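Pasted below: final-v6.cif, mmCIF, N, CA, C and O atoms.
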data_data
#
loop_
_atom_site.label_atom_id
_atom_site.label_comp_id
_atom_site.auth_asym_id
_atom_site.auth_seq_id
_atom_site.Cartn_x
_atom_site.Cartn_y
_atom_site.Cartn_z
N GLN A 711 0.85 -1.17 0.00
CA GLN A 711 0.00 0.00 0.00
C GLN A 711 0.90 1.23 0.00
O GLN A 711 1.90 1.29 0.71
N PHE A 712 0.52 2.23 -0.78
CA PHE A 712 1.31 3.44 -0.93
C PHE A 712 0.64 4.60 -0.19
O PHE A 712 -0.58 4.65 -0.10
N VAL A 713 1.44 5.53 0.31
CA VAL A 713 0.90 6.67 1.06
C VAL A 713 0.15 7.65 0.16
O VAL A 713 -0.69 8.40 0.64
N ALA A 714 0.46 7.64 -1.13
CA ALA A 714 -0.23 8.49 -2.09
C ALA A 714 -0.23 7.79 -3.45
O ALA A 714 0.68 7.02 -3.76
N MET A 715 -1.24 8.09 -4.24
CA MET A 715 -1.40 7.45 -5.54
C MET A 715 -0.18 7.61 -6.42
O MET A 715 0.22 6.67 -7.12
N GLU A 716 0.46 8.79 -6.40
CA GLU A 716 1.61 9.00 -7.28
C GLU A 716 2.76 8.03 -6.99
O GLU A 716 3.54 7.71 -7.88
N TYR A 717 2.84 7.51 -5.76
CA TYR A 717 3.89 6.54 -5.45
C TYR A 717 3.58 5.17 -6.05
O TYR A 717 4.48 4.44 -6.45
N GLY A 718 2.31 4.83 -6.14
CA GLY A 718 1.91 3.61 -6.84
C GLY A 718 2.17 3.73 -8.33
O GLY A 718 2.65 2.79 -8.98
N VAL A 719 1.89 4.91 -8.87
CA VAL A 719 2.16 5.18 -10.29
C VAL A 719 3.66 5.10 -10.52
O VAL A 719 4.13 4.51 -11.50
N ARG A 720 4.45 5.69 -9.62
CA ARG A 720 5.91 5.61 -9.72
C ARG A 720 6.37 4.17 -9.79
O ARG A 720 7.24 3.82 -10.59
N ALA A 721 5.81 3.30 -8.95
CA ALA A 721 6.20 1.89 -8.94
C ALA A 721 5.95 1.26 -10.31
O ALA A 721 6.79 0.48 -10.80
N ALA A 722 4.84 1.58 -10.93
CA ALA A 722 4.55 1.05 -12.27
C ALA A 722 5.56 1.58 -13.28
O ALA A 722 6.06 0.82 -14.13
N PHE A 723 5.91 2.86 -13.17
CA PHE A 723 6.90 3.42 -14.09
C PHE A 723 8.29 2.80 -13.86
O PHE A 723 9.03 2.61 -14.82
N VAL A 724 8.63 2.50 -12.63
CA VAL A 724 9.91 1.84 -12.36
C VAL A 724 9.95 0.48 -13.06
O VAL A 724 10.96 0.11 -13.66
N LEU A 725 8.84 -0.24 -13.00
CA LEU A 725 8.77 -1.53 -13.71
C LEU A 725 8.87 -1.35 -15.22
O LEU A 725 9.60 -2.08 -15.89
N LEU A 726 8.15 -0.37 -15.74
CA LEU A 726 8.22 -0.10 -17.18
C LEU A 726 9.63 0.29 -17.59
O LEU A 726 10.12 -0.16 -18.64
N ARG A 727 10.29 1.10 -16.80
CA ARG A 727 11.68 1.48 -17.10
C ARG A 727 12.58 0.25 -17.15
O ARG A 727 13.41 0.11 -18.02
N ARG A 728 12.39 -0.66 -16.20
CA ARG A 728 13.19 -1.89 -16.18
C ARG A 728 12.90 -2.73 -17.42
O ARG A 728 13.83 -3.27 -18.03
N TYR A 729 11.64 -2.87 -17.79
CA TYR A 729 11.29 -3.62 -18.99
C TYR A 729 12.00 -3.04 -20.22
O TYR A 729 12.54 -3.77 -21.03
N ILE A 730 11.97 -1.71 -20.34
CA ILE A 730 12.51 -1.06 -21.52
C ILE A 730 14.04 -1.06 -21.51
O ILE A 730 14.67 -1.47 -22.49
N ARG A 731 14.63 -0.62 -20.42
CA ARG A 731 16.09 -0.43 -20.40
C ARG A 731 16.87 -1.69 -20.09
O ARG A 731 17.92 -1.93 -20.68
N HIS A 732 16.39 -2.49 -19.16
CA HIS A 732 17.13 -3.68 -18.75
C HIS A 732 16.81 -4.90 -19.62
O HIS A 732 17.71 -5.59 -20.08
N TYR A 733 15.53 -5.15 -19.81
CA TYR A 733 15.10 -6.34 -20.56
C TYR A 733 14.94 -6.10 -22.05
O TYR A 733 14.62 -7.01 -22.80
N LYS A 734 15.12 -4.85 -22.48
CA LYS A 734 15.06 -4.47 -23.90
C LYS A 734 13.69 -4.78 -24.52
O LYS A 734 13.60 -5.09 -25.70
N ARG A 735 12.66 -4.68 -23.74
CA ARG A 735 11.28 -4.80 -24.25
C ARG A 735 10.86 -3.39 -24.62
O ARG A 735 10.34 -2.66 -23.78
N THR A 736 11.13 -3.01 -25.85
CA THR A 736 11.04 -1.61 -26.25
C THR A 736 9.82 -1.26 -27.09
O THR A 736 9.77 -0.19 -27.68
N THR A 737 8.85 -2.16 -27.15
CA THR A 737 7.60 -1.87 -27.88
C THR A 737 6.42 -2.19 -26.97
O THR A 737 6.55 -2.95 -26.01
N ILE A 738 5.28 -1.64 -27.31
CA ILE A 738 4.07 -1.98 -26.56
C ILE A 738 3.86 -3.49 -26.58
O ILE A 738 3.59 -4.11 -25.55
N ARG A 739 3.99 -4.09 -27.75
CA ARG A 739 3.75 -5.52 -27.89
C ARG A 739 4.69 -6.33 -26.97
O ARG A 739 4.26 -7.24 -26.25
N ALA A 740 5.96 -6.00 -26.96
CA ALA A 740 6.94 -6.74 -26.14
C ALA A 740 6.66 -6.55 -24.65
O ALA A 740 6.76 -7.50 -23.87
N ILE A 741 6.30 -5.33 -24.26
CA ILE A 741 6.01 -5.08 -22.85
C ILE A 741 4.77 -5.85 -22.41
O ILE A 741 4.78 -6.52 -21.37
N ILE A 742 3.71 -5.78 -23.18
CA ILE A 742 2.45 -6.44 -22.81
C ILE A 742 2.61 -7.95 -22.75
O ILE A 742 2.07 -8.60 -21.86
N LYS A 743 3.38 -8.53 -23.66
CA LYS A 743 3.60 -9.98 -23.64
C LYS A 743 4.22 -10.43 -22.32
O LYS A 743 3.94 -11.53 -21.85
N ALA A 744 5.06 -9.58 -21.72
CA ALA A 744 5.66 -9.91 -20.43
C ALA A 744 4.77 -9.49 -19.26
O ALA A 744 4.63 -10.23 -18.29
N TRP A 745 4.17 -8.33 -19.36
CA TRP A 745 3.35 -7.76 -18.29
C TRP A 745 2.07 -8.57 -18.07
O TRP A 745 1.65 -8.78 -16.94
N ALA A 746 1.47 -8.99 -19.17
CA ALA A 746 0.18 -9.67 -19.12
C ALA A 746 0.25 -10.92 -20.00
O ALA A 746 -0.29 -10.93 -21.11
N PRO A 747 0.93 -11.96 -19.54
CA PRO A 747 1.18 -13.14 -20.39
C PRO A 747 -0.09 -13.81 -20.93
O PRO A 747 -1.16 -13.73 -20.32
N ALA A 748 0.08 -14.47 -22.06
CA ALA A 748 -1.04 -15.08 -22.79
C ALA A 748 -1.78 -16.13 -21.97
O ALA A 748 -2.96 -16.36 -22.22
N ASN A 749 -1.12 -16.77 -21.03
CA ASN A 749 -1.82 -17.78 -20.24
C ASN A 749 -2.84 -17.16 -19.29
O ASN A 749 -3.67 -17.87 -18.72
N GLU A 750 -2.79 -15.81 -19.14
CA GLU A 750 -3.73 -15.12 -18.26
C GLU A 750 -4.56 -14.05 -18.97
O GLU A 750 -5.53 -13.56 -18.41
N ASN A 751 -4.16 -13.68 -20.19
CA ASN A 751 -4.77 -12.54 -20.86
C ASN A 751 -4.88 -12.75 -22.36
O ASN A 751 -4.16 -13.55 -22.93
N ASN A 752 -5.75 -11.98 -22.97
CA ASN A 752 -5.81 -11.90 -24.43
C ASN A 752 -4.81 -10.81 -24.83
O ASN A 752 -5.14 -9.62 -24.85
N VAL A 753 -3.58 -11.23 -25.10
CA VAL A 753 -2.48 -10.30 -25.34
C VAL A 753 -2.77 -9.37 -26.51
O VAL A 753 -2.56 -8.16 -26.43
N GLU A 754 -3.25 -9.92 -27.61
CA GLU A 754 -3.49 -9.07 -28.80
C GLU A 754 -4.56 -8.02 -28.54
O GLU A 754 -4.44 -6.88 -29.01
N ALA A 755 -5.60 -8.37 -27.79
CA ALA A 755 -6.63 -7.38 -27.45
C ALA A 755 -6.05 -6.31 -26.53
O ALA A 755 -6.34 -5.11 -26.70
N TYR A 756 -5.23 -6.72 -25.58
CA TYR A 756 -4.58 -5.79 -24.66
C TYR A 756 -3.69 -4.83 -25.47
O TYR A 756 -3.76 -3.61 -25.32
N VAL A 757 -2.85 -5.38 -26.34
CA VAL A 757 -1.95 -4.58 -27.17
C VAL A 757 -2.75 -3.60 -28.02
O VAL A 757 -2.42 -2.41 -28.10
N ALA A 758 -3.81 -4.07 -28.66
CA ALA A 758 -4.62 -3.22 -29.53
C ALA A 758 -5.25 -2.07 -28.76
O ALA A 758 -5.28 -0.93 -29.24
N THR A 759 -5.74 -2.34 -27.57
CA THR A 759 -6.38 -1.30 -26.76
C THR A 759 -5.36 -0.25 -26.33
O THR A 759 -5.61 0.96 -26.44
N VAL A 760 -4.20 -0.70 -25.87
CA VAL A 760 -3.16 0.24 -25.43
C VAL A 760 -2.67 1.07 -26.61
O VAL A 760 -2.52 2.29 -26.51
N ALA A 761 -2.46 0.43 -27.75
CA ALA A 761 -2.00 1.15 -28.94
C ALA A 761 -3.03 2.20 -29.37
O ALA A 761 -2.67 3.35 -29.66
N LYS A 762 -4.28 1.81 -29.41
CA LYS A 762 -5.34 2.74 -29.83
C LYS A 762 -5.44 3.92 -28.85
O LYS A 762 -5.50 5.08 -29.27
N HIS A 763 -5.47 3.62 -27.57
CA HIS A 763 -5.63 4.68 -26.57
C HIS A 763 -4.41 5.60 -26.53
O HIS A 763 -4.56 6.82 -26.37
N SER A 764 -3.23 5.04 -26.66
CA SER A 764 -2.00 5.84 -26.55
C SER A 764 -1.63 6.56 -27.84
O SER A 764 -0.88 7.53 -27.82
N GLY A 765 -2.12 6.05 -28.96
CA GLY A 765 -1.73 6.62 -30.24
C GLY A 765 -0.35 6.18 -30.69
O GLY A 765 0.23 6.77 -31.60
N ILE A 766 0.16 5.13 -30.07
CA ILE A 766 1.50 4.60 -30.39
C ILE A 766 1.32 3.26 -31.09
O ILE A 766 0.62 2.38 -30.59
N ASP A 767 1.97 3.11 -32.23
CA ASP A 767 1.94 1.83 -32.93
C ASP A 767 2.51 0.75 -32.02
O ASP A 767 3.51 0.98 -31.34
N PRO A 768 1.90 -0.44 -31.99
CA PRO A 768 2.36 -1.48 -31.07
C PRO A 768 3.79 -1.95 -31.30
O PRO A 768 4.38 -2.56 -30.40
N ASP A 769 4.36 -1.66 -32.47
CA ASP A 769 5.72 -2.10 -32.75
C ASP A 769 6.72 -0.94 -32.86
O ASP A 769 7.87 -1.16 -33.23
N ASP A 770 6.28 0.28 -32.52
CA ASP A 770 7.20 1.42 -32.49
C ASP A 770 8.11 1.30 -31.27
O ASP A 770 7.69 0.83 -30.21
N THR A 771 9.34 1.76 -31.41
CA THR A 771 10.29 1.74 -30.31
C THR A 771 9.93 2.82 -29.29
O THR A 771 9.71 3.98 -29.64
N LEU A 772 9.88 2.41 -28.03
CA LEU A 772 9.56 3.31 -26.94
C LEU A 772 10.84 3.85 -26.31
O LEU A 772 11.86 3.17 -26.28
N ASP A 773 10.75 5.06 -25.77
CA ASP A 773 11.87 5.70 -25.08
C ASP A 773 11.39 6.10 -23.70
O ASP A 773 10.53 6.98 -23.59
N PHE A 774 11.94 5.49 -22.66
CA PHE A 774 11.48 5.82 -21.31
C PHE A 774 11.67 7.29 -20.99
O PHE A 774 10.92 7.87 -20.21
N GLY A 775 12.64 7.93 -21.59
CA GLY A 775 12.89 9.35 -21.36
C GLY A 775 11.87 10.27 -21.99
O GLY A 775 11.87 11.48 -21.72
N ASN A 776 10.97 9.74 -22.81
CA ASN A 776 9.93 10.53 -23.47
C ASN A 776 8.68 10.50 -22.58
O ASN A 776 7.90 9.56 -22.60
N GLU A 777 8.51 11.56 -21.80
CA GLU A 777 7.40 11.61 -20.84
C GLU A 777 6.04 11.46 -21.51
O GLU A 777 5.17 10.73 -21.00
N GLU A 778 5.84 12.14 -22.63
CA GLU A 778 4.54 12.06 -23.31
C GLU A 778 4.21 10.62 -23.69
O GLU A 778 3.09 10.14 -23.51
N GLN A 779 5.20 9.95 -24.23
CA GLN A 779 5.03 8.55 -24.65
C GLN A 779 4.74 7.65 -23.44
O GLN A 779 3.83 6.81 -23.49
N MET A 780 5.47 7.86 -22.36
CA MET A 780 5.30 7.01 -21.18
C MET A 780 3.95 7.26 -20.51
O MET A 780 3.29 6.31 -20.06
N VAL A 781 3.53 8.51 -20.45
CA VAL A 781 2.22 8.81 -19.86
C VAL A 781 1.12 8.17 -20.70
O VAL A 781 0.18 7.56 -20.17
N ALA A 782 1.22 8.26 -22.02
CA ALA A 782 0.22 7.65 -22.91
C ALA A 782 0.21 6.13 -22.76
O ALA A 782 -0.86 5.52 -22.69
N LEU A 783 1.39 5.53 -22.68
CA LEU A 783 1.49 4.07 -22.47
C LEU A 783 0.86 3.68 -21.15
O LEU A 783 0.03 2.77 -21.08
N PHE A 784 1.24 4.37 -20.09
CA PHE A 784 0.69 4.08 -18.76
C PHE A 784 -0.83 4.18 -18.75
O PHE A 784 -1.53 3.31 -18.23
N GLN A 785 -1.35 5.27 -19.33
CA GLN A 785 -2.80 5.47 -19.32
C GLN A 785 -3.52 4.38 -20.11
O GLN A 785 -4.58 3.91 -19.70
N GLY A 786 -2.94 3.94 -21.23
CA GLY A 786 -3.53 2.84 -21.98
C GLY A 786 -3.56 1.55 -21.18
O GLY A 786 -4.55 0.82 -21.17
N MET A 787 -2.45 1.27 -20.50
CA MET A 787 -2.39 0.06 -19.67
C MET A 787 -3.33 0.17 -18.48
O MET A 787 -3.98 -0.80 -18.10
N CYS A 788 -3.43 1.36 -17.91
CA CYS A 788 -4.34 1.59 -16.80
C CYS A 788 -5.79 1.35 -17.22
O CYS A 788 -6.58 0.75 -16.49
N LEU A 789 -6.13 1.79 -18.42
CA LEU A 789 -7.48 1.58 -18.95
C LEU A 789 -7.81 0.09 -19.03
O LEU A 789 -8.89 -0.34 -18.62
N VAL A 790 -6.87 -0.70 -19.53
CA VAL A 790 -7.10 -2.15 -19.63
C VAL A 790 -7.18 -2.77 -18.24
O VAL A 790 -8.06 -3.58 -17.96
N GLU A 791 -6.26 -2.42 -17.37
CA GLU A 791 -6.18 -3.05 -16.05
C GLU A 791 -7.30 -2.63 -15.11
O GLU A 791 -7.75 -3.43 -14.28
N ASN A 792 -7.75 -1.37 -15.23
CA ASN A 792 -8.71 -0.83 -14.26
C ASN A 792 -10.03 -0.35 -14.85
O ASN A 792 -10.90 0.10 -14.11
N GLY A 793 -10.13 -0.37 -16.18
CA GLY A 793 -11.36 0.10 -16.80
C GLY A 793 -11.47 1.61 -16.89
O GLY A 793 -12.48 2.14 -17.32
N ARG A 794 -10.42 2.31 -16.47
CA ARG A 794 -10.40 3.77 -16.53
C ARG A 794 -8.95 4.24 -16.45
O ARG A 794 -8.07 3.50 -16.04
N THR A 795 -8.74 5.48 -16.84
CA THR A 795 -7.42 6.08 -16.70
C THR A 795 -7.36 6.84 -15.39
O THR A 795 -8.38 6.99 -14.70
N LEU A 796 -6.17 7.32 -15.05
CA LEU A 796 -5.99 8.13 -13.84
C LEU A 796 -5.89 9.60 -14.20
O LEU A 796 -5.60 9.95 -15.34
N ASP A 797 -6.06 10.43 -13.20
CA ASP A 797 -5.86 11.86 -13.37
C ASP A 797 -4.45 12.08 -13.91
O ASP A 797 -3.48 11.60 -13.33
N GLU A 798 -4.33 12.81 -15.01
CA GLU A 798 -3.03 12.98 -15.67
C GLU A 798 -2.00 13.66 -14.76
O GLU A 798 -0.81 13.35 -14.84
N LYS A 799 -2.44 14.55 -13.90
CA LYS A 799 -1.50 15.22 -12.98
C LYS A 799 -0.82 14.20 -12.06
O LYS A 799 0.38 14.29 -11.80
N ILE A 800 -1.58 13.23 -11.59
CA ILE A 800 -1.04 12.20 -10.72
C ILE A 800 -0.06 11.32 -11.49
O ILE A 800 1.00 10.96 -10.99
N VAL A 801 -0.43 10.98 -12.72
CA VAL A 801 0.45 10.15 -13.56
C VAL A 801 1.76 10.87 -13.81
O VAL A 801 2.85 10.29 -13.69
N ARG A 802 1.70 12.14 -14.13
CA ARG A 802 2.92 12.92 -14.38
C ARG A 802 3.77 13.07 -13.12
O ARG A 802 4.99 13.03 -13.18
N LYS A 803 3.12 13.21 -11.96
CA LYS A 803 3.87 13.26 -10.71
C LYS A 803 4.60 11.94 -10.47
O LYS A 803 5.75 11.93 -10.05
N GLY A 804 3.91 10.83 -10.73
CA GLY A 804 4.53 9.53 -10.58
C GLY A 804 5.72 9.34 -11.50
O GLY A 804 6.77 8.83 -11.10
N TYR A 805 5.57 9.79 -12.74
CA TYR A 805 6.68 9.70 -13.70
C TYR A 805 7.86 10.55 -13.23
O TYR A 805 9.02 10.12 -13.29
N ALA A 806 7.58 11.74 -12.73
CA ALA A 806 8.63 12.66 -12.28
C ALA A 806 9.42 12.09 -11.10
O ALA A 806 10.57 12.45 -10.90
N LEU A 807 8.81 11.19 -10.35
CA LEU A 807 9.48 10.59 -9.20
C LEU A 807 10.47 9.48 -9.58
O LEU A 807 11.20 9.00 -8.73
N THR A 808 10.48 9.09 -10.86
CA THR A 808 11.38 8.00 -11.27
C THR A 808 12.79 8.49 -11.53
O THR A 808 13.05 9.60 -11.81
#
Output the file's structure in the form of structure tokens.
Amino acid sequence: QFVAMEYGVRAAFVLLRRYIRHYKRTTIRAIIKAWAPANENNVEAYVATVAKHSGIDPDDTLDFGNEEQMVALFQGMCLVENGRTLDEKIVRKGYALT
């Protein structure tokens, strides 16, 4: 449990940063395949929803240093995971804490 929502968002961004920089999962498709494996999820539907919501092609290379891209990715994943996005100010605060 986190003391504030932005710290939970930060935790998600820390994981995304690790996926991108350490594990070289640099596309939406590669991240989702690891984040939400096929034995538990409809990966292609998840990828399509995140791509549509974020405006990022599922096979475009992601850059963790690109805040706009990361916020859009996070919000797309949040939509799939929670059925809604978060307040953008909170998401940006979480990103800034990374």
Please identify every residue of range 730-793 of chain A that has at least one atom no farther than 12 Å from an atom of range 716-720 of chain A, counting only C-alpha atoms, and for each give the shortest atom pair and the distance in Å to one decimal, arranged by chain then increasing number, as CSV.
residue,atom,partner,partner_atom,distance
A:Met780,CA,A:Val719,CA,11.5
A:Val781,CA,A:Val719,CA,10.2
A:Phe784,CA,A:Val719,CA,8.7
A:Gln785,CA,A:Val719,CA,10.3
A:Met787,CA,A:Val719,CA,11.6
A:Cys788,CA,A:Val719,CA,9.9
Self-check item: Target residues per the PyMOL selection byres (((chain A and resi 754-767 and name CA) around 6) and name CA), formatted as a ChimeraX atom specification
Solution: /A:739,752-753,768-770,782-783,786-787
Quiz prompt | Spatial neighbours of Val724 in chain A, 8 Å, all atoms listed in the file, chain gap at least 5 places, as a PyMOL selection string | solution = chain A and resi 717-719+729-731+804-805+807-808
Selection from above, N, CA, C and O atoms, as a PDB file, in the coordinates of the input, can you write it?
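Generated file (result33.pdb):
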ATOM      1  N   TYR A 717       2.840   7.510  -5.760  1.00  0.00           N
ATOM      2  CA  TYR A 717       3.890   6.540  -5.450  1.00  0.00           C
ATOM      3  C   TYR A 717       3.580   5.170  -6.050  1.00  0.00           C
ATOM      4  O   TYR A 717       4.480   4.440  -6.450  1.00  0.00           O
ATOM      5  N   GLY A 718       2.310   4.830  -6.140  1.00  0.00           N
ATOM      6  CA  GLY A 718       1.910   3.610  -6.840  1.00  0.00           C
ATOM      7  C   GLY A 718       2.170   3.730  -8.330  1.00  0.00           C
ATOM      8  O   GLY A 718       2.650   2.790  -8.980  1.00  0.00           O
ATOM      9  N   VAL A 719       1.890   4.910  -8.870  1.00  0.00           N
ATOM     10  CA  VAL A 719       2.160   5.180 -10.290  1.00  0.00           C
ATOM     11  C   VAL A 719       3.660   5.100 -10.520  1.00  0.00           C
ATOM     12  O   VAL A 719       4.130   4.510 -11.500  1.00  0.00           O
ATOM     13  N   TYR A 729      11.640  -2.870 -17.790  1.00  0.00           N
ATOM     14  CA  TYR A 729      11.290  -3.620 -18.990  1.00  0.00           C
ATOM     15  C   TYR A 729      12.000  -3.040 -20.220  1.00  0.00           C
ATOM     16  O   TYR A 729      12.540  -3.770 -21.030  1.00  0.00           O
ATOM     17  N   ILE A 730      11.970  -1.710 -20.340  1.00  0.00           N
ATOM     18  CA  ILE A 730      12.510  -1.060 -21.520  1.00  0.00           C
ATOM     19  C   ILE A 730      14.040  -1.060 -21.510  1.00  0.00           C
ATOM     20  O   ILE A 730      14.670  -1.470 -22.490  1.00  0.00           O
ATOM     21  N   ARG A 731      14.630  -0.620 -20.420  1.00  0.00           N
ATOM     22  CA  ARG A 731      16.090  -0.430 -20.400  1.00  0.00           C
ATOM     23  C   ARG A 731      16.870  -1.690 -20.090  1.00  0.00           C
ATOM     24  O   ARG A 731      17.920  -1.930 -20.680  1.00  0.00           O
ATOM     25  N   GLY A 804       3.910  10.830 -10.730  1.00  0.00           N
ATOM     26  CA  GLY A 804       4.530   9.530 -10.580  1.00  0.00           C
ATOM     27  C   GLY A 804       5.720   9.340 -11.500  1.00  0.00           C
ATOM     28  O   GLY A 804       6.770   8.830 -11.100  1.00  0.00           O
ATOM     29  N   TYR A 805       5.570   9.790 -12.740  1.00  0.00           N
ATOM     30  CA  TYR A 805       6.680   9.700 -13.700  1.00  0.00           C
ATOM     31  C   TYR A 805       7.860  10.550 -13.230  1.00  0.00           C
ATOM     32  O   TYR A 805       9.020  10.120 -13.290  1.00  0.00           O
ATOM     33  N   LEU A 807       8.810  11.190 -10.350  1.00  0.00           N
ATOM     34  CA  LEU A 807       9.480  10.590  -9.200  1.00  0.00           C
ATOM     35  C   LEU A 807      10.470   9.480  -9.580  1.00  0.00           C
ATOM     36  O   LEU A 807      11.200   9.000  -8.730  1.00  0.00           O
ATOM     37  N   THR A 808      10.480   9.090 -10.860  1.00  0.00           N
ATOM     38  CA  THR A 808      11.380   8.000 -11.270  1.00  0.00           C
ATOM     39  C   THR A 808      12.790   8.490 -11.530  1.00  0.00           C
ATOM     40  O   THR A 808      13.050   9.600 -11.810  1.00  0.00           O
TER      41      THR A 808
END
Practice problem: Would you work out the distance separating CA of Leu772 in chain A from atom O of Gly793 in chain A, expressed in Å to one decimal? | Solution: 24.1 Å
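Between atom C of Gln711 in chain A and atom C of Leu796 in chain A lies a distance of 17.8 Å.
For the choices A:Ala721, A:Ala806, A:Glu750, A:Thr771, the atom-to-atom distance to Ile738 in chain A is smallest for A:Thr771 when using all atoms listed in the file.
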Practice problem: Counting only C-alpha atoms, write as JSON, numbers by chain all protein and nucleic acid residues lying at most 12 Å from (9.0, -4.8, -20.4) in the file's frame. | Solution: {"A": [722, 723, 724, 725, 726, 727, 728, 729, 730, 731, 732, 733, 734, 735, 736, 737, 738, 739, 740, 741, 742, 743, 744, 745, 746, 747, 771, 772, 773, 774, 783]}
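The space separating atom N of Lys799 in chain A from atom N of Val713 in chain A comes to 17.3 Å.
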Requested file, range 731-744 of chain A restricted to N, CA, C and O atoms, as a PDB file, in the first residue's frame:
ATOM      1  N   ARG A 731      14.628  -0.621 -20.423  1.00  0.00           N
ATOM      2  CA  ARG A 731      16.089  -0.427 -20.397  1.00  0.00           C
ATOM      3  C   ARG A 731      16.872  -1.691 -20.086  1.00  0.00           C
ATOM      4  O   ARG A 731      17.918  -1.930 -20.679  1.00  0.00           O
ATOM      5  N   HIS A 732      16.390  -2.492 -19.163  1.00  0.00           N
ATOM      6  CA  HIS A 732      17.134  -3.683 -18.752  1.00  0.00           C
ATOM      7  C   HIS A 732      16.811  -4.899 -19.623  1.00  0.00           C
ATOM      8  O   HIS A 732      17.707  -5.590 -20.078  1.00  0.00           O
ATOM      9  N   TYR A 733      15.526  -5.150 -19.813  1.00  0.00           N
ATOM     10  CA  TYR A 733      15.103  -6.340 -20.555  1.00  0.00           C
ATOM     11  C   TYR A 733      14.943  -6.096 -22.051  1.00  0.00           C
ATOM     12  O   TYR A 733      14.616  -7.014 -22.802  1.00  0.00           O
ATOM     13  N   LYS A 734      15.124  -4.847 -22.479  1.00  0.00           N
ATOM     14  CA  LYS A 734      15.058  -4.468 -23.896  1.00  0.00           C
ATOM     15  C   LYS A 734      13.695  -4.783 -24.520  1.00  0.00           C
ATOM     16  O   LYS A 734      13.596  -5.089 -25.697  1.00  0.00           O
ATOM     17  N   ARG A 735      12.657  -4.681 -23.740  1.00  0.00           N
ATOM     18  CA  ARG A 735      11.283  -4.803 -24.253  1.00  0.00           C
ATOM     19  C   ARG A 735      10.863  -3.388 -24.622  1.00  0.00           C
ATOM     20  O   ARG A 735      10.337  -2.659 -23.779  1.00  0.00           O
ATOM     21  N   THR A 736      11.129  -3.013 -25.847  1.00  0.00           N
ATOM     22  CA  THR A 736      11.038  -1.610 -26.249  1.00  0.00           C
ATOM     23  C   THR A 736       9.817  -1.265 -27.091  1.00  0.00           C
ATOM     24  O   THR A 736       9.768  -0.186 -27.682  1.00  0.00           O
ATOM     25  N   THR A 737       8.846  -2.158 -27.154  1.00  0.00           N
ATOM     26  CA  THR A 737       7.605  -1.871 -27.876  1.00  0.00           C
ATOM     27  C   THR A 737       6.418  -2.193 -26.974  1.00  0.00           C
ATOM     28  O   THR A 737       6.548  -2.953 -26.005  1.00  0.00           O
ATOM     29  N   ILE A 738       5.281  -1.643 -27.308  1.00  0.00           N
ATOM     30  CA  ILE A 738       4.066  -1.982 -26.556  1.00  0.00           C
ATOM     31  C   ILE A 738       3.858  -3.493 -26.582  1.00  0.00           C
ATOM     32  O   ILE A 738       3.592  -4.111 -25.551  1.00  0.00           O
ATOM     33  N   ARG A 739       3.990  -4.092 -27.747  1.00  0.00           N
ATOM     34  CA  ARG A 739       3.755  -5.525 -27.888  1.00  0.00           C
ATOM     35  C   ARG A 739       4.687  -6.334 -26.972  1.00  0.00           C
ATOM     36  O   ARG A 739       4.257  -7.242 -26.252  1.00  0.00           O
ATOM     37  N   ALA A 740       5.964  -5.997 -26.961  1.00  0.00           N
ATOM     38  CA  ALA A 740       6.936  -6.736 -26.141  1.00  0.00           C
ATOM     39  C   ALA A 740       6.660  -6.553 -24.647  1.00  0.00           C
ATOM     40  O   ALA A 740       6.757  -7.502 -23.869  1.00  0.00           O
ATOM     41  N   ILE A 741       6.302  -5.333 -24.260  1.00  0.00           N
ATOM     42  CA  ILE A 741       6.007  -5.076 -22.847  1.00  0.00           C
ATOM     43  C   ILE A 741       4.770  -5.853 -22.413  1.00  0.00           C
ATOM     44  O   ILE A 741       4.775  -6.515 -21.370  1.00  0.00           O
ATOM     45  N   ILE A 742       3.705  -5.781 -23.183  1.00  0.00           N
ATOM     46  CA  ILE A 742       2.447  -6.437 -22.808  1.00  0.00           C
ATOM     47  C   ILE A 742       2.611  -7.951 -22.754  1.00  0.00           C
ATOM     48  O   ILE A 742       2.068  -8.602 -21.858  1.00  0.00           O
ATOM     49  N   LYS A 743       3.377  -8.527 -23.663  1.00  0.00           N
ATOM     50  CA  LYS A 743       3.601  -9.982 -23.639  1.00  0.00           C
ATOM     51  C   LYS A 743       4.222 -10.427 -22.322  1.00  0.00           C
ATOM     52  O   LYS A 743       3.941 -11.531 -21.850  1.00  0.00           O
ATOM     53  N   ALA A 744       5.059  -9.579 -21.716  1.00  0.00           N
ATOM     54  CA  ALA A 744       5.665  -9.915 -20.429  1.00  0.00           C
ATOM     55  C   ALA A 744       4.775  -9.495 -19.259  1.00  0.00           C
ATOM     56  O   ALA A 744       4.628 -10.228 -18.289  1.00  0.00           O
TER      57      ALA A 744
END
